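Chemist: Next up, target_23.cif (mmCIF, C-alpha atoms).
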data_work
loop_
_atom_site.label_atom_id
_atom_site.label_comp_id
_atom_site.auth_asym_id
_atom_site.auth_seq_id
_atom_site.Cartn_x
_atom_site.Cartn_y
_atom_site.Cartn_z
CA MET S 808 0.00 0.00 0.00
CA GLY S 809 1.39 3.42 -1.03
CA ALA S 810 1.58 6.56 1.07
CA LEU S 811 -1.54 8.67 1.40
CA ARG S 812 -1.56 11.78 -0.76
CA VAL S 813 -3.32 15.08 0.01
CA GLU S 814 -5.63 14.38 -2.92
CA ASP S 815 -6.76 11.16 -1.21
CA ILE S 816 -7.64 12.86 2.08
CA TYR S 817 -9.32 16.17 1.20
CA PRO S 818 -12.34 16.72 -1.01
CA ARG S 819 -11.63 18.18 -4.47
CA TYR S 820 -13.32 21.39 -5.57
CA THR S 821 -13.70 23.37 -8.79
CA TYR S 822 -14.45 26.94 -9.81
CA ASP S 823 -18.19 26.17 -9.70
CA ASP S 824 -17.88 25.36 -5.99
CA TYR S 825 -15.55 28.29 -5.31
CA ILE S 826 -17.89 30.99 -6.64
CA ASN S 827 -20.57 29.97 -4.13
CA TRP S 828 -18.40 30.22 -1.01
CA GLU S 829 -18.62 33.08 1.46
CA ASP S 830 -15.55 34.89 2.76
CA ARG S 831 -12.19 34.72 1.00
CA TRP S 832 -10.77 31.43 -0.26
CA GLU S 833 -8.16 30.19 -2.68
CA LEU S 834 -8.34 26.93 -4.58
CA ILE S 835 -5.11 25.20 -5.57
CA ASN S 836 -5.24 21.89 -7.41
CA GLY S 837 -8.76 21.35 -6.11
CA ILE S 838 -7.84 21.93 -2.45
CA ALA S 839 -9.57 24.81 -0.63
CA TYR S 840 -7.46 27.22 1.43
CA SER S 841 -9.24 29.66 3.73
CA MET S 842 -8.00 33.24 3.70
CA ALA S 843 -9.34 33.74 7.24
CA PRO S 844 -8.76 35.45 9.48
CA ALA S 845 -8.67 38.80 7.71
CA PRO S 846 -5.20 40.30 7.26
CA THR S 847 -3.75 42.36 10.10
CA ILE S 848 -3.63 46.14 10.02
CA LYS S 849 0.14 46.03 9.40
CA HIS S 850 -0.36 43.59 6.51
CA GLN S 851 -2.98 45.86 4.93
CA LYS S 852 -0.83 48.96 5.44
CA ILE S 853 2.07 47.30 3.63
CA SER S 854 -0.21 46.08 0.86
CA ASN S 855 -1.58 49.60 0.43
CA ASN S 856 1.96 51.02 0.29
CA ILE S 857 3.00 48.41 -2.27
CA ALA S 858 -0.03 49.39 -4.35
CA TRP S 859 1.00 53.07 -4.19
CA GLU S 860 4.55 52.25 -5.26
CA LEU S 861 3.40 50.01 -8.11
CA ASN S 862 0.87 52.59 -9.29
CA ASN S 863 3.61 55.22 -9.28
CA ILE S 864 5.96 53.02 -11.30
CA PHE S 865 3.39 51.94 -13.90
CA LYS S 866 1.33 55.16 -14.18
CA ASP S 867 2.94 56.09 -17.52
CA CYS S 868 2.89 52.58 -18.99
CA SER S 869 -0.04 52.13 -21.35
CA PHE S 870 0.29 48.33 -21.31
CA CYS S 871 0.48 47.44 -17.60
CA THR S 872 -1.83 47.88 -14.63
CA ALA S 873 -1.11 47.49 -10.92
CA THR S 874 -3.91 46.19 -8.71
CA ILE S 875 -4.65 44.67 -5.33
CA PHE S 876 -5.96 41.14 -4.88
CA VAL S 877 -8.18 39.81 -7.62
CA ASP S 878 -9.08 36.25 -8.62
CA TRP S 879 -6.63 34.65 -11.02
CA LYS S 880 -8.31 31.55 -12.45
CA ILE S 881 -5.48 29.34 -13.62
CA SER S 882 -7.68 26.31 -14.22
CA GLU S 883 -11.05 24.93 -13.14
CA ASP S 884 -9.50 23.74 -9.87
CA THR S 885 -6.93 26.50 -9.21
CA ILE S 886 -7.91 30.07 -8.32
CA VAL S 887 -5.59 32.33 -6.31
CA GLN S 888 -5.72 35.90 -5.00
CA PRO S 889 -2.24 37.45 -4.83
CA ASP S 890 -1.99 40.41 -2.42
CA ASN S 891 -0.64 42.82 -5.05
CA LEU S 892 0.03 42.25 -8.73
CA VAL S 893 0.82 43.82 -12.07
CA ILE S 894 -0.75 42.65 -15.30
CA CYS S 895 0.43 43.59 -18.78
CA HIS S 896 -2.55 42.38 -20.75
CA LYS S 897 -6.18 43.33 -21.13
CA PRO S 898 -8.32 41.01 -18.97
CA GLN S 899 -10.70 38.88 -21.01
CA ASN S 900 -13.49 39.36 -18.48
CA GLU S 901 -14.29 41.39 -15.35
CA LYS S 902 -14.64 38.44 -12.96
CA TYR S 903 -11.09 37.08 -12.93
CA LEU S 904 -7.73 37.00 -14.66
CA THR S 905 -6.90 34.12 -16.98
CA LYS S 906 -3.30 35.05 -17.88
CA ALA S 907 -0.34 35.22 -15.54
CA PRO S 908 0.54 38.56 -13.95
CA VAL S 909 4.11 39.76 -14.57
CA ILE S 910 4.68 40.72 -10.92
CA ILE S 911 3.15 39.26 -7.77
CA PHE S 912 3.65 40.39 -4.18
CA GLU S 913 2.58 38.11 -1.35
CA ILE S 914 2.77 39.43 2.22
CA LEU S 915 3.45 36.64 4.66
CA SER S 916 1.07 36.02 7.53
CA LYS S 917 1.03 33.19 10.04
CA SER S 918 -1.94 31.54 8.38
CA THR S 919 -0.59 31.70 4.79
CA ALA S 920 3.23 31.78 5.04
CA LYS S 921 3.81 28.09 4.37
CA LYS S 922 1.51 28.13 1.33
CA ASP S 923 3.12 31.35 -0.02
CA LEU S 924 6.65 29.98 0.40
CA THR S 925 6.02 26.56 -1.10
CA VAL S 926 2.76 25.87 -2.96
CA LYS S 927 2.38 29.35 -4.45
CA PHE S 928 6.10 29.69 -5.13
CA GLU S 929 5.97 26.54 -7.28
CA LEU S 930 2.65 27.51 -8.85
CA TYR S 931 3.78 31.01 -9.84
CA GLU S 932 7.06 29.63 -11.18
CA LYS S 933 5.21 27.02 -13.25
CA GLU S 934 2.71 29.59 -14.56
CA GLY S 935 5.46 31.96 -15.71
CA VAL S 936 5.08 34.91 -13.32
CA LYS S 937 8.18 36.96 -14.14
CA TYR S 938 8.73 38.39 -10.62
CA TYR S 939 7.59 36.94 -7.30
CA CYS S 940 8.12 39.16 -4.24
CA ILE S 941 7.68 37.59 -0.82
CA VAL S 942 7.27 40.25 1.86
CA ASN S 943 7.98 39.43 5.51
CA HIS S 944 6.51 42.29 7.52
CA ASP S 945 7.95 41.00 10.81
CA ASP S 946 11.54 41.28 9.55
CA GLU S 947 10.76 44.10 7.10
CA VAL S 948 12.50 42.19 4.32
CA ALA S 949 11.19 41.43 0.86
CA LYS S 950 12.72 38.59 -1.14
CA VAL S 951 12.50 39.20 -4.88
CA TYR S 952 12.67 36.27 -7.28
CA LYS S 953 13.01 36.61 -11.04
CA LEU S 954 12.02 33.90 -13.50
CA LYS S 955 14.95 32.74 -15.61
CA ASP S 956 14.78 29.69 -17.88
CA GLY S 957 11.58 28.56 -16.15
CA ARG S 958 13.03 28.71 -12.59
CA TYR S 959 13.05 31.40 -9.93
CA ILE S 960 16.42 32.91 -9.19
CA LYS S 961 16.69 35.16 -6.15
CA ALA S 962 17.35 38.75 -7.23
CA GLY S 963 17.95 39.84 -3.64
CA ASP S 964 16.65 40.76 -0.21
CA PHE S 965 15.32 44.29 0.08
CA SER S 966 14.46 46.46 3.10
CA ASP S 967 15.35 50.03 2.22
CA GLU S 968 16.87 49.48 -1.20
CA ARG S 969 15.44 50.08 -4.65
CA PHE S 970 14.82 47.52 -7.38
CA LYS S 971 14.04 48.00 -11.06
CA PHE S 972 11.56 45.57 -12.55
CA LYS S 973 12.37 44.96 -16.20
CA ILE S 974 9.19 44.50 -18.22
CA ASP S 975 9.43 44.09 -21.99
CA LYS S 976 6.53 46.42 -22.78
CA CYS S 977 7.62 49.18 -20.37
CA ASP S 978 11.03 50.63 -21.19
CA ASP S 979 11.22 53.58 -18.80
CA LEU S 980 10.07 52.26 -15.43
CA LYS S 981 11.10 53.90 -12.19
CA GLU S 982 12.70 51.85 -9.44
CA PHE S 983 10.53 50.30 -6.75
CA ASP S 984 11.51 51.84 -3.40
CA PHE S 985 11.17 49.17 -0.71
CA SER S 986 11.82 51.70 2.06
CA LYS S 987 8.38 53.17 1.38
CA ILE S 988 6.37 50.01 2.03
CA TRP S 989 7.04 49.53 5.75
#
Take the structure in the file and write it out as structure tokens.

Modeler:
Amino acid sequence: MGALRVEDIYPRYTYDDYINWEDRWELINGIAYSMAPAPTIKHQKISNNIAWELNNIFKDCSFCTATIFVDWKISEDTIVQPDNLVICHKPQNEKYLTKAPVIIFEILSKSTAKKDLTVKFELYEKEGVKYYCIVNHDDEVAKVYKLKDGRYIKAGDFSDERFKFKIDKCDDLKEFDFSKIW
């Protein structure tokens, strides 16, 4: 007898189930992940500051848009809600994204840290998200990963430094100032 797999233990869900749930959830490979409890005040403050910085950087780019969490439907059994993201395509509908964002920020919390560092890391890498930024508000450090040859390579740890995201469609982007998010 083989080892039990997660798929054998937990019920499997799809987008049709997901859209009927109350509160905030994510669905990854058919497994439901609660987004409760609500994020802390510090988490939301950092997310808001990230949104301001991203909006400032991309305000003159006619191709890209920065936004806060929105459903990204990867497949019928995988829907995630990154904390902050940048898309460089026109969404095909108003309900959810269907194409990968170019930049994703996830702010770690006790209830989601393990998922953000493992499951989502692998998912975003597989789906071709160009930059994945993992923000630890306790340490005030953001780890930035850049996709290269299908794998994430760490670009660095940032607290009060600046980083320039290189996006093909946006030639003249300003640097992201990490000192402004804390």

Chemist: Within 12 Å of segment 939-945 of chain S, counting all atoms listed in the file, which residues show up once you throw out same-chain ones fewer than 6 positions away? Write them as a VMD selection string, please.

Modeler: chain S and resid 846 to 854 857 889 to 893 907 to 917 919 to 925 927 to 933 951 to 955 958 to 966 970 972 983 985 988 to 989

Chemist: With distances taken over only C-alpha atoms, which of S:Ala843, S:Ile838, S:Trp859, S:Ile826 is nearest to Asp878 of chain S?

Modeler: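 Under the stated criterion, the closest residue is S:Ile826.
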
Chemist: Once the PyMOL selection byres ((chain S and resi 903) around 8) has been evaluated on this model, what residues remain selected, and can you format them as a VMD selection string?

Modeler: chain S and resid 877 to 880 898 900 to 902 904 to 905

Chemist: Do you have the atom CA of Trp828 of chain S-atom CA of Val926 of chain S distance handy?

Modeler: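 Those two atoms sit 21.7 Å apart.
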
Chemist: Which residue gives the smallest distance to Ser882 of chain S among S:Gly837, S:Gly935, S:Gly957, S:Pro818, with all atoms listed in the file counted?

Modeler: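 Of S:Gly837, S:Gly935, S:Gly957, S:Pro818, the one nearest Ser882 of chain S, counting all atoms listed in the file, is S:Gly837.
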
Chemist: Measuring atom to atom with only C-alpha atoms, identify which of S:Lys973, S:His896, S:Lys866, S:Lys987 is nearest to Glu947 of chain S.

Modeler: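 Distance minimum relative to Glu947 of chain S lands on S:Lys987.
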
Chemist: Pick out the residues sitting within 10 Å of Ser869 of chain S, and hand them over as a VMD selection string; count all atoms listed in the file, and ignore anything fewer than 3 positions along from it in its own chain.

Modeler: chain S and resid 865 to 866 872 895 976 to 977

Chemist: Looking at all atoms listed in the file, which of S:Ile974, S:Leu861, S:Val936, S:Met842 is the one that sits closest to Glu829 of chain S?

Modeler: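 Using all atoms listed in the file, Glu829 of chain S sits closest to S:Met842.
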